[in-house]
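**Student:** Pasting final12.cif here (mmCIF, C-alpha atoms and all ligand atoms):
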```
data_run
#
loop_
_atom_site.label_atom_id
_atom_site.label_comp_id
_atom_site.auth_asym_id
_atom_site.auth_seq_id
_atom_site.Cartn_x
_atom_site.Cartn_y
_atom_site.Cartn_z
CA MET A 1 69.25 109.77 92.51
CA GLN A 2 72.71 108.25 92.09
CA ASN A 3 71.54 106.27 89.06
CA ARG A 4 70.10 109.41 87.51
CA CYS A 5 73.45 111.15 87.94
CA VAL A 6 75.23 108.15 86.38
CA ASN A 7 72.79 108.35 83.51
CA MET A 8 73.33 112.05 82.87
CA ILE A 9 77.12 111.80 83.13
CA ALA A 10 77.22 108.73 80.83
CA HIS A 11 75.15 110.71 78.35
CA LEU A 12 77.51 113.68 78.68
CA PHE A 13 80.42 111.31 77.88
CA ASN A 14 78.61 109.99 74.79
CA ALA A 15 78.06 106.44 76.02
CA PRO A 16 76.54 104.32 73.23
CA LEU A 17 72.82 103.80 73.51
CA GLY A 18 72.38 100.65 71.40
CA LYS A 19 70.66 97.51 72.66
CA GLY A 20 72.68 95.71 75.35
CA GLU A 21 75.09 98.63 75.46
CA GLU A 22 73.72 100.58 78.39
CA ALA A 23 76.43 102.24 80.51
CA VAL A 24 76.78 101.45 84.20
CA GLY A 25 78.49 103.38 86.95
CA ALA A 26 78.59 104.50 90.54
CA GLY A 27 79.18 107.47 92.77
CA THR A 28 82.46 107.20 94.68
CA VAL A 29 84.29 109.18 97.34
CA GLY A 30 86.37 110.87 94.66
CA SER A 31 88.31 110.05 91.52
CA SER A 32 90.76 107.92 93.52
CA GLU A 33 88.12 105.37 94.47
CA ALA A 34 86.68 105.55 90.94
CA ILE A 35 90.14 104.75 89.53
CA MET A 36 90.65 101.83 91.94
CA LEU A 37 87.35 100.33 90.74
CA ALA A 38 88.06 100.90 87.05
CA GLY A 39 91.56 99.46 87.46
CA LEU A 40 90.21 96.40 89.29
CA ALA A 41 87.68 95.79 86.52
CA PHE A 42 90.46 95.89 83.90
CA LYS A 43 92.68 93.60 85.99
CA ARG A 44 89.92 91.05 86.51
CA LYS A 45 88.89 91.08 82.84
CA TRP A 46 92.50 90.61 81.73
CA GLN A 47 93.02 87.76 84.25
CA ASN A 48 89.87 86.00 83.09
CA LYS A 49 90.99 86.29 79.47
CA MET A 50 94.51 84.99 80.20
CA LYS A 51 93.11 82.09 82.25
CA ALA A 52 90.81 81.15 79.40
CA LEU A 53 93.81 81.19 77.03
CA GLY A 54 95.82 79.04 79.47
CA LYS A 55 98.45 81.80 79.78
CA PRO A 56 100.19 83.18 82.89
CA HIS A 57 98.10 85.83 84.62
CA ASP A 58 100.27 86.91 87.53
CA LYS A 59 102.17 89.86 86.03
CA PRO A 60 99.64 92.51 84.98
CA ASN A 61 100.86 95.98 84.06
CA ILE A 62 99.29 99.31 83.28
CA VAL A 63 100.72 102.00 80.97
CA THR A 64 100.41 105.66 81.99
CA GLY A 65 102.31 108.93 81.64
CA ALA A 66 104.75 109.89 84.42
CA ASN A 67 102.37 112.82 85.02
CA VAL A 68 99.63 110.63 86.55
CA GLN A 69 98.17 111.63 89.89
CA VAL A 70 99.37 109.66 92.91
CA CYS A 71 96.14 107.62 93.01
CA TRP A 72 97.42 105.60 90.03
CA GLU A 73 100.57 104.75 91.95
CA LYS A 74 98.34 103.74 94.87
CA PHE A 75 96.22 101.55 92.61
CA ALA A 76 99.34 99.88 91.21
CA ARG A 77 100.82 99.21 94.65
CA TYR A 78 97.63 98.25 96.50
CA PHE A 79 96.40 95.92 93.77
CA GLU A 80 99.76 94.57 92.60
CA VAL A 81 99.84 95.86 89.06
CA LYS A 82 103.13 97.05 87.59
CA LEU A 83 103.03 100.73 86.62
CA LYS A 84 104.83 101.40 83.33
CA GLU A 85 105.29 105.15 82.99
CA VAL A 86 106.02 107.06 79.81
CA LYS A 87 108.55 109.70 80.86
CA LEU A 88 108.01 113.36 80.06
CA ARG A 89 110.55 115.49 78.22
CA ASP A 90 111.36 119.18 77.80
CA GLY A 91 108.44 120.95 76.16
CA TYR A 92 106.14 117.84 76.26
CA TYR A 93 104.55 117.41 79.66
CA VAL A 94 101.91 114.72 79.04
CA MET A 95 101.93 111.09 77.94
CA ASP A 96 103.16 110.65 74.38
CA PRO A 97 100.64 108.23 72.77
CA ASN A 98 103.31 106.77 70.45
CA LYS A 99 105.56 105.87 73.35
CA ALA A 100 102.63 104.57 75.40
CA VAL A 101 101.57 102.18 72.65
CA GLU A 102 105.18 100.99 72.25
CA MET A 103 105.16 100.04 75.94
CA VAL A 104 101.97 97.97 75.67
CA ASP A 105 102.50 94.20 75.86
CA GLU A 106 100.33 91.14 76.31
CA ASN A 107 100.15 91.76 80.08
CA THR A 108 98.90 95.34 79.79
CA ILE A 109 95.47 95.57 81.42
CA CYS A 110 94.85 99.05 80.01
CA VAL A 111 96.43 102.35 78.99
CA ALA A 112 95.31 105.23 81.22
CA ALA A 113 95.11 108.63 79.54
CA ILE A 114 94.46 111.85 81.43
CA LEU A 115 92.02 114.49 80.34
CA GLY A 116 93.47 117.40 82.23
CA SER A 117 96.90 116.62 83.61
CA THR A 118 97.12 117.50 87.31
CA VAL A 119 100.35 119.41 86.75
CA ASN A 120 99.50 121.73 83.86
CA GLY A 121 95.88 120.98 82.95
CA GLU A 122 96.77 119.76 79.45
CA PHE A 123 94.52 117.21 77.73
CA GLU A 124 96.27 114.08 76.49
CA ASP A 125 95.57 113.03 72.91
CA VAL A 126 93.10 110.19 73.57
CA LYS A 127 92.00 110.04 69.92
CA LEU A 128 95.53 109.41 68.69
CA LEU A 129 96.07 106.86 71.46
CA ASN A 130 92.87 105.08 70.45
CA ASP A 131 93.87 104.99 66.76
CA LEU A 132 97.39 103.74 67.45
CA LEU A 133 96.13 101.11 69.87
CA ILE A 134 93.54 99.85 67.37
CA GLN A 135 96.40 99.26 64.92
CA LYS A 136 98.53 97.52 67.53
CA ASN A 137 95.61 95.34 68.67
CA LYS A 138 95.01 94.38 65.04
CA GLN A 139 98.65 93.42 64.51
CA THR A 140 99.00 91.46 67.74
CA GLY A 141 95.55 90.03 68.30
CA TRP A 142 95.37 91.65 71.75
CA ASP A 143 92.49 93.85 72.85
CA THR A 144 94.18 96.40 75.12
CA PRO A 145 91.56 98.95 76.26
CA ILE A 146 91.77 102.58 77.42
CA HIS A 147 90.65 104.22 80.63
CA VAL A 148 90.32 108.02 80.68
CA ASP A 149 91.10 109.77 83.93
CA ALA A 150 88.90 112.82 83.42
CA ALA A 151 89.05 113.82 87.10
CA ILE A 152 89.52 117.46 86.18
CA GLY A 153 88.61 117.65 82.50
CA GLY A 154 85.43 115.54 82.48
CA PHE A 155 83.24 118.51 83.32
CA ILE A 156 85.24 120.89 81.09
CA ALA A 157 85.67 119.23 77.70
CA PRO A 158 81.96 118.43 77.02
CA PHE A 159 81.09 122.11 77.51
CA LEU A 160 84.09 123.96 76.08
CA TYR A 161 85.23 121.49 73.40
CA PRO A 162 82.22 119.34 72.45
CA GLU A 163 83.90 118.36 69.17
CA LEU A 164 86.96 116.93 70.90
CA GLU A 165 86.80 113.13 70.78
CA TRP A 166 88.16 111.75 74.04
CA ASP A 167 85.23 109.80 75.51
CA PHE A 168 83.01 106.81 74.65
CA ARG A 169 82.90 107.98 71.02
CA LEU A 170 86.27 106.22 70.83
CA PRO A 171 85.72 102.45 70.76
CA LEU A 172 88.63 101.47 73.01
CA VAL A 173 87.56 103.80 75.84
CA LYS A 174 85.87 101.37 78.24
CA SER A 175 85.69 103.44 81.41
CA ILE A 176 85.98 107.05 82.55
CA ASN A 177 86.28 108.67 85.97
CA VAL A 178 85.45 112.25 86.86
CA SER A 179 85.59 114.20 90.12
CA GLY A 180 82.24 115.71 91.06
CA HIS A 181 84.04 117.83 93.62
CA ASN A 182 86.15 119.46 90.99
CA TYR A 183 84.52 121.15 88.01
CA GLY A 184 81.39 119.09 88.77
CA LEU A 185 80.82 121.97 91.21
CA VAL A 186 80.06 119.92 94.34
CA TYR A 187 81.81 120.18 97.71
CA ALA A 188 84.52 117.60 98.53
CA GLY A 189 83.71 113.89 98.65
CA ILE A 190 82.22 112.86 95.31
CA GLY A 191 83.57 111.20 92.18
CA TRP A 192 82.07 109.09 89.43
CA VAL A 193 83.11 106.00 87.51
CA ILE A 194 81.28 105.10 84.32
CA TRP A 195 81.74 101.92 82.29
CA ARG A 196 80.84 101.91 78.63
CA SER A 197 78.61 98.86 79.06
CA LYS A 198 77.71 96.14 81.57
CA LYS A 199 80.18 93.72 80.02
CA ASP A 200 83.07 96.03 80.93
CA LEU A 201 82.35 95.57 84.65
CA PRO A 202 83.04 91.91 85.54
CA GLU A 203 80.17 90.27 87.42
CA GLU A 204 82.45 89.04 90.19
CA LEU A 205 83.09 92.64 91.30
CA ILE A 206 79.38 93.16 91.90
CA PHE A 207 77.90 92.11 95.24
CA ARG A 208 74.19 91.84 95.86
CA ILE A 209 72.59 92.50 99.20
CA ASN A 210 68.96 92.59 100.25
CA TYR A 211 69.05 93.36 103.94
CA LEU A 212 68.09 96.98 103.33
CA GLY A 213 64.72 96.02 101.96
CA ALA A 214 65.44 95.62 98.27
CA ASP A 215 67.85 93.76 96.03
CA GLN A 216 70.77 96.14 95.79
CA PRO A 217 73.91 95.72 93.70
CA THR A 218 77.04 97.22 95.24
CA PHE A 219 80.46 97.53 93.64
CA THR A 220 82.19 100.38 95.47
CA LEU A 221 85.08 99.96 97.94
CA ASN A 222 83.08 101.60 100.74
CA PHE A 223 79.56 100.45 101.45
CA SER A 224 77.98 103.22 103.55
CA LYS A 225 78.58 106.83 102.74
CA GLY A 226 76.78 110.14 103.09
CA SER A 227 74.20 110.96 100.47
CA SER A 228 74.66 114.73 100.63
CA GLN A 229 77.22 114.86 97.84
CA VAL A 230 75.05 112.77 95.51
CA THR A 231 72.11 115.07 96.26
CA ALA A 232 74.28 118.12 95.62
CA GLN A 233 75.56 116.66 92.34
CA TYR A 234 72.02 115.87 91.23
CA TYR A 235 70.92 119.39 92.15
CA GLN A 236 73.78 121.00 90.20
CA LEU A 237 73.16 118.84 87.13
CA ILE A 238 69.48 119.61 86.90
CA ARG A 239 69.67 123.18 88.20
CA LEU A 240 72.45 124.29 85.86
CA GLY A 241 71.88 121.93 82.95
CA TYR A 242 74.17 121.91 79.91
CA GLU A 243 73.89 125.67 79.33
CA GLY A 244 74.57 126.51 82.98
CA TYR A 245 77.72 124.39 83.16
CA LYS A 246 78.83 125.78 79.77
CA ASN A 247 78.48 129.38 80.98
CA ILE A 248 80.46 128.69 84.14
CA MET A 249 83.25 126.85 82.30
CA GLU A 250 83.47 129.63 79.67
CA ASN A 251 83.73 132.19 82.44
CA CYS A 252 86.51 130.19 84.16
CA GLN A 253 88.34 129.92 80.85
CA GLU A 254 88.06 133.68 80.20
CA ASN A 255 89.43 134.46 83.65
CA ALA A 256 92.26 131.99 83.09
CA MET A 257 93.15 133.92 79.93
CA VAL A 258 93.09 137.24 81.84
CA LEU A 259 95.54 135.78 84.35
CA LYS A 260 97.70 134.22 81.64
CA GLU A 261 97.92 137.43 79.64
CA GLY A 262 98.64 139.47 82.77
CA LEU A 263 101.51 137.16 83.68
CA GLU A 264 102.89 137.26 80.16
CA LYS A 265 102.84 141.05 80.23
CA THR A 266 105.13 141.10 83.28
CA GLY A 267 107.79 139.63 80.98
CA HIS A 268 109.00 137.35 83.81
CA PHE A 269 107.17 134.10 83.06
CA ASN A 270 106.92 131.26 80.58
CA ILE A 271 103.42 129.78 80.39
CA VAL A 272 103.48 125.99 80.67
CA SER A 273 99.72 125.31 80.43
CA LYS A 274 97.71 125.19 77.20
CA ASP A 275 94.84 127.52 76.30
CA ASN A 276 92.62 124.59 75.29
CA GLY A 277 92.85 122.47 78.44
CA VAL A 278 91.57 122.90 81.97
CA PRO A 279 91.14 126.55 83.07
CA LEU A 280 94.44 126.45 84.86
CA VAL A 281 97.52 128.61 84.47
CA ALA A 282 100.88 126.94 85.07
CA PHE A 283 103.90 129.20 84.71
CA SER A 284 107.59 129.26 85.47
CA LEU A 285 110.10 132.06 85.88
CA LYS A 286 112.12 132.86 82.76
CA ASP A 287 115.10 133.42 85.02
CA ASN A 288 115.18 131.62 88.34
CA SER A 289 118.89 131.92 88.95
CA SER A 290 118.55 134.41 91.87
CA HIS A 291 115.07 133.59 93.11
CA ASN A 292 112.91 130.65 92.28
CA GLU A 293 109.24 129.70 92.14
CA PHE A 294 109.25 128.37 95.72
CA GLU A 295 110.24 131.81 96.97
CA VAL A 296 107.52 133.47 94.89
CA SER A 297 105.02 130.97 96.30
CA ASN A 298 106.12 131.59 99.89
CA MET A 299 106.06 135.36 99.55
CA LEU A 300 102.61 135.31 97.96
CA ARG A 301 101.24 133.82 101.19
CA ARG A 302 101.77 137.20 102.81
CA PHE A 303 99.20 138.60 100.40
CA GLY A 304 96.76 135.83 101.27
CA TRP A 305 97.42 133.74 98.13
CA ILE A 306 98.24 130.06 98.27
CA VAL A 307 99.83 129.39 94.90
CA PRO A 308 101.70 126.09 95.02
CA ALA A 309 105.14 125.72 93.48
CA LEU A 310 105.99 122.26 92.26
CA THR A 311 108.45 120.33 90.17
CA MET A 312 107.46 118.44 87.03
CA PRO A 313 107.42 114.62 87.10
CA PRO A 314 110.29 112.61 85.54
CA ASP A 315 112.06 113.28 83.15
CA ALA A 316 111.18 116.98 83.34
CA GLN A 317 111.80 117.35 87.08
CA HIS A 318 114.30 120.15 86.51
CA ILE A 319 111.34 122.38 85.61
CA THR A 320 109.68 124.18 88.52
CA LEU A 321 106.36 125.88 88.14
CA LEU A 322 103.59 127.76 89.86
CA ARG A 323 100.03 126.61 89.33
CA VAL A 324 96.70 128.41 89.65
CA VAL A 325 93.45 126.50 89.10
CA ILE A 326 90.63 128.85 88.12
CA ARG A 327 87.38 127.92 89.84
CA GLN A 328 83.98 129.49 89.26
CA ASP A 329 84.40 131.89 92.18
CA PHE A 330 87.74 133.22 90.92
CA SER A 331 86.67 136.45 89.27
CA ARG A 332 88.39 138.64 86.68
CA THR A 333 89.06 141.19 89.45
CA LEU A 334 90.83 138.52 91.51
CA ALA A 335 92.88 137.49 88.46
CA GLU A 336 94.00 141.09 88.00
CA ARG A 337 94.80 141.44 91.71
CA LEU A 338 96.86 138.26 91.67
CA VAL A 339 98.98 139.64 88.81
CA ILE A 340 99.53 142.87 90.75
CA ASP A 341 100.54 140.94 93.89
CA ILE A 342 102.90 138.72 91.90
CA GLN A 343 104.54 141.86 90.51
CA LYS A 344 104.94 143.19 94.06
CA VAL A 345 106.54 139.93 95.13
CA LEU A 346 108.95 140.00 92.19
CA HIS A 347 109.82 143.58 93.04
CA GLU A 348 110.51 142.67 96.67
CA LEU A 349 112.58 139.68 95.65
CA ASP A 350 114.63 141.89 93.34
CA ALA A 351 115.37 144.15 96.29
CA ILE A 352 116.87 141.26 98.25
CA PRO A 353 119.18 139.74 95.66
CA ALA A 354 119.52 136.02 96.09
CA ARG A 355 119.20 136.47 99.85
CA LEU A 356 117.35 133.29 100.61
CA SER A 357 119.38 131.25 98.21
CA ALA A 358 122.53 132.66 99.80
CA LYS A 359 121.28 131.73 103.29
CA LEU A 360 120.60 128.23 102.10
CA SER A 361 124.05 127.88 100.62
CA VAL A 362 125.55 129.05 103.91
CA SER A 363 123.48 126.60 105.94
CA GLU A 364 124.46 123.82 103.52
CA GLU A 365 128.10 124.63 104.02
CA LYS A 366 127.74 124.92 107.80
CA ALA A 367 126.06 121.56 107.97
CA GLY A 368 128.53 120.79 105.57
CA ASN A 369 130.59 117.96 105.04
CA GLY A 370 130.17 118.41 101.36
CA VAL A 371 130.27 120.62 98.33
CA VAL A 372 127.04 122.06 97.01
CA LYS A 373 126.84 120.80 93.48
CA GLY A 374 123.48 121.92 92.19
CA SER A 375 121.54 125.10 92.61
CA ALA A 376 118.46 125.44 94.78
CA SER A 377 116.86 127.27 91.92
CA ASN A 378 115.75 124.17 90.09
CA GLY A 379 114.00 122.80 93.14
CA ILE A 380 116.33 119.85 93.49
CA VAL A 381 119.67 120.25 95.15
CA LYS A 382 122.36 117.64 94.99
CA LYS A 383 125.24 117.69 97.36
CA SER A 384 128.10 115.34 97.70
CA ALA A 385 128.50 114.30 101.29
CA GLY A 386 131.63 112.39 100.50
CA ASN A 387 129.70 109.20 100.85
CA GLY A 388 127.65 109.55 97.71
CA VAL A 389 125.18 111.94 96.15
CA VAL A 390 122.22 113.09 98.22
CA LYS A 391 119.13 114.29 96.42
CA ARG A 392 116.75 116.60 98.24
CA SER A 393 113.13 116.53 97.29
CA ALA A 394 111.21 119.58 96.13
CA LEU A 395 109.32 119.44 99.44
CA GLU A 396 112.53 119.59 101.45
CA VAL A 397 113.80 122.48 99.38
CA GLN A 398 110.48 124.27 99.81
CA SER A 399 110.46 123.82 103.58
CA GLU A 400 114.03 125.14 103.76
CA PHE A 401 113.02 128.19 101.78
CA THR A 402 110.08 128.72 104.13
CA THR A 403 112.36 128.54 107.18
CA ALA A 404 114.92 130.86 105.61
CA TRP A 405 112.18 133.24 104.56
CA LYS A 406 110.66 133.29 108.05
CA MET A 407 114.07 134.00 109.54
CA SER A 408 114.72 136.85 107.14
CA ASP A 409 111.22 138.20 107.78
CA MET A 410 111.84 138.14 111.54
CA GLU A 411 115.18 139.87 111.07
CA SER A 412 113.59 142.66 109.05
CA LYS A 413 110.94 143.10 111.76
CA LYS A 414 113.68 143.44 114.36
CA THR A 415 115.43 146.21 112.44
CA ASN A 416 112.39 148.27 111.53
CA GLY A 417 111.29 148.45 115.14
CA THR A 418 107.82 146.92 114.81
CA CYS A 419 106.81 144.48 117.50
C1 LIG A 501 94.10 113.71 87.06
C2 LIG A 501 93.69 113.33 88.45
N1 LIG A 501 93.29 112.06 88.69
C3 LIG A 501 92.88 111.66 89.91
C4 LIG A 501 92.86 112.53 90.97
C5 LIG A 501 92.40 112.06 92.32
O1 LIG A 501 91.15 112.60 92.54
P1 LIG A 501 90.41 112.66 93.96
O2 LIG A 501 91.13 113.68 94.76
O3 LIG A 501 89.02 113.07 93.59
O4 LIG A 501 90.47 111.31 94.59
C6 LIG A 501 93.25 113.88 90.77
C7 LIG A 501 93.22 114.84 91.89
O5 LIG A 501 93.65 115.95 91.80
C8 LIG A 501 93.68 114.28 89.49
O6 LIG A 501 94.10 115.53 89.24
#
```
Please rewrite the model in this file as structure tokens.

**Tutor:**
Amino acid sequence: MQNRCVNMIAHLFNAPLGKGEEAVGAGTVGSSEAIMLAGLAFKRKWQNKMKALGKPHDKPNIVTGANVQVCWEKFARYFEVKLKEVKLRDGYYVMDPNKAVEMVDENTICVAAILGSTVNGEFEDVKLLNDLLIQKNKQTGWDTPIHVDAAIGGFIAPFLYPELEWDFRLPLVKSINVSGHNYGLVYAGIGWVIWRSKKDLPEELIFRINYLGADQPTFTLNFSKGSSQVTAQYYQLIRLGYEGYKNIMENCQENAMVLKEGLEKTGHFNIVSKDNGVPLVAFSLKDNSSHNEFEVSNMLRRFGWIVPALTMPPDAQHITLLRVVIRQDFSRTLAERLVIDIQKVLHELDAIPARLSAKLSVSEEKAGNGVVKGSASNGIVKKSAGNGVVKRSALEVQSEFTTAWKMSDMESKKTNGTC
């Protein structure tokens, strides 16, 4: 059943079908495990090549955007590969292929592109990356490959943008991961890694066992795992088929547009996501000088919404945003209700001008052996404690807002007489 899923997903990603080119792959716990395996395959292939050339093979690196999910940082640290990140900049929140290719050197095991950035759902330009890297490989004699992290976008792009070339149609794309438990429409605990062909998965990563009654190759980090997710993935693939997935993804995309347009109409938000990426709406306040996105996020919880507020990765960390991922059960009605509740929250925040921010400033000063230099509104506050500059993380700022908000909520309950 797992092999049938691998087969269908490889086909969906346009794996070549020529002789000796058959794709291989495996079901994993999620995209993180899939990425560890793909990264290990690149590292081992690069090491083997460098050994054969009689060159040093102890300083591998990988080039990614600063917007990569934390699993890439884990891969780099666990498996001792240097992570070279292309920084973001204002207005450009994914990896710039030109800069990525500039950073490639002889020790680069691969460039990892993301199809559906975790932060704003945007697709990176894998085609341009492929073309630039082909040129660089030609000039240098290297053969730096590409991995596509399609954790979120792998079950979106083939249905909504079949013409978009991001997958095995591009010759340098050697492996792709996708999360089954994301838009693959399965409950948590399933991901997939697909290699373009057998020669992209080094033999030494494959173990063979026969104690379960048949010769069985195994190349995942875990050996035993539940089969329910694989069964569920198989069921969804054959039950929905191409048309079924397409209908669901189109519906998600339409609801994302309803939400986006509703937010735009409030006049309070800039939209940071793209219409042609993952059905996800990322947005930031046009003016967050009195109240910021963390406050909006906290107040929305009272209406039953969990809409995370987050800061962008370096070098765009001064931008704070709110992020809503549209799943298949998020209806148009819910999108409209969310806009109404956001408007209520903004209205309430307007009625308590800069109250939480003011409380925070007071508590800073009370604690205070220092001058507050930055504003809490950008999610990162710097204060000089006399002994240097202290940076507070977005998480710390958020938890302070939550505490301040709870206190102010309790105070208001005291005065209006409710128990
Ligand atoms: C782009 C991207 N890659 C990898 C991952 C890790 O995936 P998983 O949670 O399936 O391990 C995520 C998770 O959100 C992601 O957004």

**Student:** Determine, counting only C-alpha atoms, every residue of protein, DNA or RNA that lies within 9 Å of (103.3, 125.1, 97.8) in the file coordinates, then give the result as a ChimeraX atom specification.

**Tutor:** /A:294,297-298,306-310,322,395,398

**Student:** Keeping C-alpha atoms for every residue in the selection just given, could you write it to a file as a PDB file, in the coordinates of the input?

**Tutor:**
```
ATOM      1  CA  PHE A 294     109.250 128.370  95.720  1.00  0.00           C
ATOM      2  CA  SER A 297     105.020 130.970  96.300  1.00  0.00           C
ATOM      3  CA  ASN A 298     106.120 131.590  99.890  1.00  0.00           C
ATOM      4  CA  ILE A 306      98.240 130.060  98.270  1.00  0.00           C
ATOM      5  CA  VAL A 307      99.830 129.390  94.900  1.00  0.00           C
ATOM      6  CA  PRO A 308     101.700 126.090  95.020  1.00  0.00           C
ATOM      7  CA  ALA A 309     105.140 125.720  93.480  1.00  0.00           C
ATOM      8  CA  LEU A 310     105.990 122.260  92.260  1.00  0.00           C
ATOM      9  CA  LEU A 322     103.590 127.760  89.860  1.00  0.00           C
ATOM     10  CA  LEU A 395     109.320 119.440  99.440  1.00  0.00           C
ATOM     11  CA  GLN A 398     110.480 124.270  99.810  1.00  0.00           C
TER      12      GLN A 398
END
```

**Student:** Give the answer as one residue: which of A:Cys71, A:Ile194, A:Val230, A:Met257 has the shortest atom-to-atom distance to ligand LIG 501 (chain A), using all atoms listed in the file?

**Tutor:**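 Of A:Cys71, A:Ile194, A:Val230, A:Met257, the one nearest ligand LIG 501 (chain A) is A:Cys71, counting all atoms listed in the file.
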
**Student:** Restricting the calculation to all atoms listed in the file: of A:Met312, A:Leu259, A:Leu128, A:Ala151, which residue gets closest to Glu165 of chain A?

**Tutor:**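 Closest to Glu165 of chain A, using all atoms listed in the file: A:Leu128.
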
**Student:** Which one of A:Gly154, A:Gly141, A:Pro56, A:Gly267 sits closest to ligand LIG 501 (chain A) if you count only C-alpha atoms and all ligand atoms?

**Tutor:**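 Looking at the shortest contact to ligand LIG 501 (chain A), the residue is A:Gly154.
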
**Student:** Excluding Tyr234 of chain A and any residue of its chain fewer than 4 positions from it, enumerate the residues within 9 Å of it, using only C-alpha atoms, and give them as an NGL selection string.

**Tutor:** :A and (1-2 or 4-5 or 229-230 or 238-239)

**Student:** Between atom CA of Arg323 of chain A and atom CA of Ala282 of chain A, measure the distance and give it in Å to one decimal.

**Tutor:**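 We find that atom CA of Arg323 of chain A and atom CA of Ala282 of chain A lie 4.4 Å from each other.
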
**Student:** Around all the atoms of ligand LIG 501 (chain A) listed in the file, with 5 Å of room on each side, what axis-aligned box do you get, giving centre and edge lengths in Å to one decimal, as JSON?

**Tutor:**
```
{"center_x": 91.6, "center_y": 113.6, "center_z": 90.9, "size_x": 15.1, "size_y": 14.6, "size_z": 17.7}
```

**Student:** Excluding segment 208-222 of chain A and its own-chain neighbours fewer than 6 positions away, which residues fall within 10 Å of it when counting only C-alpha atoms? Please give them as a PyMOL selection string.

**Tutor:** chain A and resi 25-29+33-34+36-37+193+201

**Student:** For the selection just defined, write its residues with C-alpha atoms to a file, as a PDB file, in the coordinates of the input.

**Tutor:**
```pdb
ATOM      1  CA  GLY A  25      78.490 103.380  86.950  1.00  0.00           C
ATOM      2  CA  ALA A  26      78.590 104.500  90.540  1.00  0.00           C
ATOM      3  CA  GLY A  27      79.180 107.470  92.770  1.00  0.00           C
ATOM      4  CA  THR A  28      82.460 107.200  94.680  1.00  0.00           C
ATOM      5  CA  VAL A  29      84.290 109.180  97.340  1.00  0.00           C
ATOM      6  CA  GLU A  33      88.120 105.370  94.470  1.00  0.00           C
ATOM      7  CA  ALA A  34      86.680 105.550  90.940  1.00  0.00           C
ATOM      8  CA  MET A  36      90.650 101.830  91.940  1.00  0.00           C
ATOM      9  CA  LEU A  37      87.350 100.330  90.740  1.00  0.00           C
ATOM     10  CA  VAL A 193      83.110 106.000  87.510  1.00  0.00           C
ATOM     11  CA  LEU A 201      82.350  95.570  84.650  1.00  0.00           C
TER      12      LEU A 201
END
```

**Student:** Which protein, DNA or RNA residues have an atom within 9 Å of ligand LIG 501 (chain A), counting all atoms listed in the file, as a PyMOL selection string?

**Tutor:** chain A and resi 28-35+67-72+114-119+121+149-153+177-182+188-191

**Student:** Could you check which of A:Asn255, A:Asn130, A:Thr108, A:Ser175 is closest to Trp142 of chain A, using all atoms listed in the file?

**Tutor:**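 For Trp142 of chain A, the nearest of the candidates is A:Thr108.
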
**Student:** Between A:Tyr183, A:Tyr235, A:Trp195, A:Tyr92, which is the closest to Gly39 of chain A once you count only C-alpha atoms?

**Tutor:** A:Trp195

**Student:** Would you compute the distance between atom CA of Pro97 of chain A and atom CA of Thr64 of chain A? Give it in Å to one decimal.

**Tutor:**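 Taking atom CA of Pro97 of chain A as the start and atom CA of Thr64 of chain A as the end point, the length is 9.6 Å.
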
**Student:** Which residue, A:Leu185, A:Phe159, A:Ala112, A:Trp166, has the smallest gap to Lys127 of chain A when you use only C-alpha atoms?

**Tutor:**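 Selected residue with least distance to Lys127 of chain A: A:Trp166.
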
**Student:** Need to verify the contact set: segment 81-84 of chain A, 10 Å, all atoms listed in the file, exclusion of same-chain residues closer than 4 positions in sequence. Can you return it as an MDAnalysis selection string?

**Tutor:** chainID A and resid 39:40 43 58:66 72:77 100 103:104 107:109 111

**Student:** Only N, CA and C atoms, as a short mmCIF file (atom, residue, chain, number, x, y, z; two decimals), in the first residue's frame: that is what I want for segment 143-150 of chain A.

**Tutor:**
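Below you can see decode.cif, which holds the result:
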```cif
data_model
loop_
_atom_site.label_atom_id
_atom_site.label_comp_id
_atom_site.auth_asym_id
_atom_site.auth_seq_id
_atom_site.Cartn_x
_atom_site.Cartn_y
_atom_site.Cartn_z
N ASP A 143 28.06 19.60 -9.64
CA ASP A 143 26.72 19.11 -10.03
C ASP A 143 25.76 19.29 -8.87
N THR A 144 25.71 20.52 -8.34
CA THR A 144 24.87 20.80 -7.17
C THR A 144 23.39 20.56 -7.51
N PRO A 145 22.74 19.69 -6.74
CA PRO A 145 21.32 19.37 -7.00
C PRO A 145 20.35 20.23 -6.18
N ILE A 146 19.07 20.00 -6.40
CA ILE A 146 18.01 20.74 -5.68
C ILE A 146 17.10 19.74 -4.96
N HIS A 147 16.73 20.10 -3.74
CA HIS A 147 15.64 19.39 -3.06
C HIS A 147 14.47 20.36 -2.95
N VAL A 148 13.25 19.90 -3.16
CA VAL A 148 12.10 20.78 -2.96
C VAL A 148 11.33 20.33 -1.72
N ASP A 149 11.24 21.25 -0.77
CA ASP A 149 10.44 21.02 0.43
C ASP A 149 9.01 21.45 0.09
N ALA A 150 8.23 20.47 -0.34
CA ALA A 150 6.84 20.75 -0.74
C ALA A 150 5.89 20.28 0.35
#
```
